[in-house]
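Undergrad: Got model.txt for you, compact mmCIF, C-alpha atoms:
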# COMPACT_ATOMS: atom_id res chain seq x y z
CA GLN U 192 0.00 0.00 0.00
CA VAL U 193 1.33 3.41 -0.98
CA SER U 194 1.42 5.89 1.88
CA LEU U 195 3.31 8.61 3.70
CA VAL U 196 3.50 8.44 7.48
CA GLU U 197 4.61 11.31 9.73
CA SER U 198 5.92 10.76 13.25
CA GLY U 199 7.86 12.55 15.94
CA GLY U 200 5.37 15.16 17.07
CA GLY U 201 4.59 15.87 20.68
CA LEU U 202 4.50 18.45 23.44
CA VAL U 203 7.64 20.47 24.05
CA GLN U 204 8.52 23.58 26.03
CA PRO U 205 9.47 26.82 24.27
CA GLY U 206 13.11 26.67 23.22
CA GLY U 207 13.01 22.89 22.89
CA SER U 208 13.54 20.63 19.89
CA LEU U 209 11.72 17.94 17.97
CA ARG U 210 12.58 15.90 14.90
CA LEU U 211 9.72 14.97 12.61
CA SER U 212 9.98 12.02 10.23
CA CYS U 213 8.12 11.44 6.99
CA THR U 214 8.47 7.82 5.85
CA ALA U 215 7.21 6.49 2.55
CA TYR U 216 5.77 3.01 2.11
CA GLY U 217 5.28 1.34 -1.24
CA PHE U 218 7.29 3.76 -3.37
CA PRO U 219 10.79 5.31 -3.46
CA LEU U 220 10.63 8.68 -1.76
CA GLU U 221 13.97 9.72 -3.23
CA ASN U 222 12.30 10.17 -6.63
CA TYR U 223 10.26 13.09 -5.34
CA ALA U 224 10.69 16.52 -3.90
CA VAL U 225 9.10 16.48 -0.45
CA ALA U 226 7.59 19.37 1.45
CA TRP U 227 6.46 19.96 5.01
CA PHE U 228 3.34 21.99 5.67
CA ARG U 229 1.63 22.94 8.90
CA GLN U 230 -1.80 24.08 9.90
CA ALA U 231 -2.66 25.74 13.17
CA PRO U 232 -6.25 25.93 14.48
CA GLY U 233 -8.16 28.65 12.66
CA LYS U 234 -5.30 29.39 10.27
CA GLU U 235 -4.52 28.61 6.64
CA ARG U 236 -2.18 25.79 5.81
CA GLU U 237 1.39 27.09 5.52
CA GLY U 238 4.35 25.72 3.60
CA VAL U 239 7.26 25.20 5.98
CA SER U 240 10.09 23.65 3.97
CA CYS U 241 10.85 21.67 0.84
CA ILE U 242 13.74 19.47 -0.29
CA SER U 243 14.48 18.23 -3.77
CA GLY U 244 14.71 14.56 -4.67
CA THR U 245 17.55 12.58 -6.21
CA GLY U 246 18.27 14.05 -9.62
CA GLY U 247 16.47 17.29 -8.85
CA ASP U 248 18.00 20.73 -8.67
CA GLY U 249 19.43 20.18 -5.18
CA ASN U 250 17.64 23.14 -3.63
CA THR U 251 15.95 23.40 -0.26
CA TYR U 252 13.48 26.06 0.81
CA TYR U 253 12.28 27.43 4.13
CA THR U 254 9.53 29.84 4.98
CA ASP U 255 10.85 33.00 6.63
CA SER U 256 9.34 32.34 10.06
CA ILE U 257 11.40 29.17 10.62
CA LYS U 258 14.66 29.97 8.86
CA GLU U 259 17.74 29.35 11.02
CA ARG U 260 15.63 27.20 13.38
CA PHE U 261 14.41 24.29 11.23
CA THR U 262 16.47 22.00 8.99
CA ILE U 263 15.10 19.64 6.35
CA SER U 264 17.05 16.57 5.29
CA ARG U 265 16.54 13.14 3.81
CA ASP U 266 17.88 9.63 4.27
CA ASN U 267 17.18 7.71 1.09
CA ALA U 268 18.30 4.42 2.64
CA LYS U 269 15.48 4.81 5.17
CA ASN U 270 13.04 6.21 2.61
CA THR U 271 12.52 9.12 4.99
CA VAL U 272 12.60 12.91 5.05
CA TYR U 273 13.22 14.69 8.35
CA LEU U 274 12.40 18.10 9.75
CA GLN U 275 14.67 19.04 12.65
CA MET U 276 12.98 21.79 14.63
CA ASP U 277 15.06 23.74 17.15
CA ARG U 278 14.33 26.76 19.35
CA LEU U 279 10.64 26.03 19.08
CA LYS U 280 8.14 28.79 19.79
CA PRO U 281 4.46 28.66 20.78
CA ASP U 282 3.64 29.96 17.28
CA ASP U 283 5.05 26.71 15.86
CA THR U 284 2.12 24.81 17.37
CA ALA U 285 0.27 23.09 14.53
CA VAL U 286 -0.41 19.81 12.80
CA TYR U 287 2.54 19.10 10.51
CA TYR U 288 2.08 17.26 7.23
CA CYS U 289 4.51 15.99 4.62
CA ALA U 290 3.66 15.71 0.94
CA THR U 291 5.34 14.75 -2.32
CA VAL U 292 5.50 17.16 -5.24
CA SER U 293 3.58 15.81 -8.21
CA PHE U 294 5.76 14.48 -11.02
CA SER U 295 8.87 16.38 -10.01
CA ARG U 296 12.17 15.81 -8.30
CA SER U 297 12.50 19.56 -7.64
CA CYS U 298 10.46 21.83 -5.39
CA GLY U 299 9.81 24.25 -8.21
CA GLY U 300 11.33 27.48 -7.01
CA SER U 301 10.17 30.05 -4.49
CA ASN U 302 6.54 29.34 -5.37
CA TRP U 303 6.87 25.76 -4.10
CA PRO U 304 4.00 25.93 -1.57
CA SER U 305 1.57 26.47 -4.44
CA LYS U 306 2.67 23.46 -6.47
CA THR U 307 0.51 20.36 -6.84
CA TYR U 308 1.19 17.68 -4.25
CA ALA U 309 0.34 14.09 -5.05
CA ARG U 310 0.46 12.31 -1.73
CA TRP U 311 -0.06 13.55 1.82
CA GLY U 312 0.52 12.01 5.19
CA GLN U 313 -2.03 12.01 7.98
CA GLY U 314 -0.21 14.65 10.02
CA THR U 315 1.50 14.79 13.39
CA GLN U 316 0.66 17.25 16.17
CA VAL U 317 3.35 19.58 17.47
CA SER U 318 2.49 21.57 20.59
CA VAL U 319 4.85 24.14 22.07
CA SER U 320 3.82 25.29 25.51
CA SER U 321 5.18 25.85 28.99
Since I need it in another form, could you write the structure as structure tokens?
TA:
Amino acid sequence: QVSLVESGGGLVQPGGSLRLSCTAYGFPLENYAVAWFRQAPGKEREGVSCISGTGGDGNTYYTDSIKERFTISRDNAKNTVYLQMDRLKPDDTAVYYCATVSFSRSCGGSNWPSKTYARWGQGTQVSVSS
């Protein structure tokens, strides 16, 4: 069965860290650019970060609000993309989703959040609170 599964969310204090994982089942994740999105209660879904796939343009992207705090990476041997989140803030509280870019190994430039995404995970909750 083809699926994406996120894990690693939880409750953390401000200033803490979490590492989210996005693991693909049934297909090779390395063939796709992969993005992380998040959605907080009452807010629009927001693109967080994107990483190109094997053979893509090699670029990564971050939304301004998380630059210098979050790092996206991938381990093709584990068929997994990670989002390392450091110095977390209460505003980072949201459900985090990963998704694969449709038919592309590249994120597609600065407009990557608006691209078409073929597969989505079920999401993992991140809560930042003291």
Undergrad: Mind dumping a table of every stretch 217-260 of chain U residue within 6 Å of stretch 285-300 of chain U, with the nearest atom pair and its distance in Å to one decimal, using only C-alpha atoms, sorted by chain and rising number, as a tab-separated table?
TA:
residue	atom	partner	partner_atom	distance
U:Asn222	CA	U:Arg296	CA	5.9
U:Tyr223	CA	U:Arg296	CA	4.5
U:Ala224	CA	U:Arg296	CA	4.7
U:Val225	CA	U:Thr291	CA	4.5
U:Ala226	CA	U:Ala290	CA	5.4
U:Trp227	CA	U:Cys289	CA	4.4
U:Phe228	CA	U:Tyr288	CA	5.1
U:Arg229	CA	U:Tyr287	CA	4.3
U:Gln230	CA	U:Ala285	CA	5.2
U:Ala231	CA	U:Ala285	CA	4.2
U:Ser243	CA	U:Ser297	CA	4.5
U:Gly244	CA	U:Arg296	CA	4.6
U:Gly247	CA	U:Arg296	CA	4.6
U:Asp248	CA	U:Ser297	CA	5.7
Undergrad: Go ahead and compute the interatomic distance for atom CA of U:Ile257 and atom CA of U:Gly238, in Å to one decimal.
TA: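 Atom-to-atom, atom CA of U:Ile257 and atom CA of U:Gly238 are spaced 10.5 Å apart.
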Undergrad: Need to verify the contact set: U:Thr262, 9 Å, only C-alpha atoms, exclusion of same-chain residues closer than 6 positions in sequence. Can you return it as a tab-separated table (two decimals) with C-alpha atoms, in the frame of the given file?
TA:
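Contents of part_35.tsv, as written:
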chain	number	residue	atom	x	y	z
U	240	SER	CA	10.09	23.65	3.97
U	253	TYR	CA	12.28	27.43	4.13
U	273	TYR	CA	13.22	14.69	8.35
U	274	LEU	CA	12.40	18.10	9.75
U	275	GLN	CA	14.67	19.04	12.65
U	276	MET	CA	12.98	21.79	14.63
U	277	ASP	CA	15.06	23.74	17.15
Undergrad: Show me the residues around (1.7, 4.4, -1.2) - criterion: an atom at most 8 Å away, all atoms listed in the file counted - as a PyMOL selection string.
TA: chain U and resi 192-195+215-218
Undergrad: What lies within 12 Å of U:Gln204 using all atoms listed in the file, ignoring chain neighbours under 4 positions off, as a VMD selection string?
TA: chain U and resid 208 to 209 277 to 284 317 to 321
Undergrad: Return the single residue from U:Asn250, U:Pro219, U:Ser198, U:Gly207 that is closest to U:Ser301, with distances computed using only C-alpha atoms.
TA: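 Counting only C-alpha atoms, the residue closest to U:Ser301 is U:Asn250.
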Undergrad: Return the padded bounding box of stretch 296-300 of chain U as AutoDock Vina command-line options: axis-aligned, built from all atoms listed in the file, 8 Å added on each side, with centre and edge lengths in Å to one decimal.
TA:
--center_x 11.2 --center_y 21.6 --center_z -6.8 --size_x 18.7 --size_y 27.7 --size_z 18.9
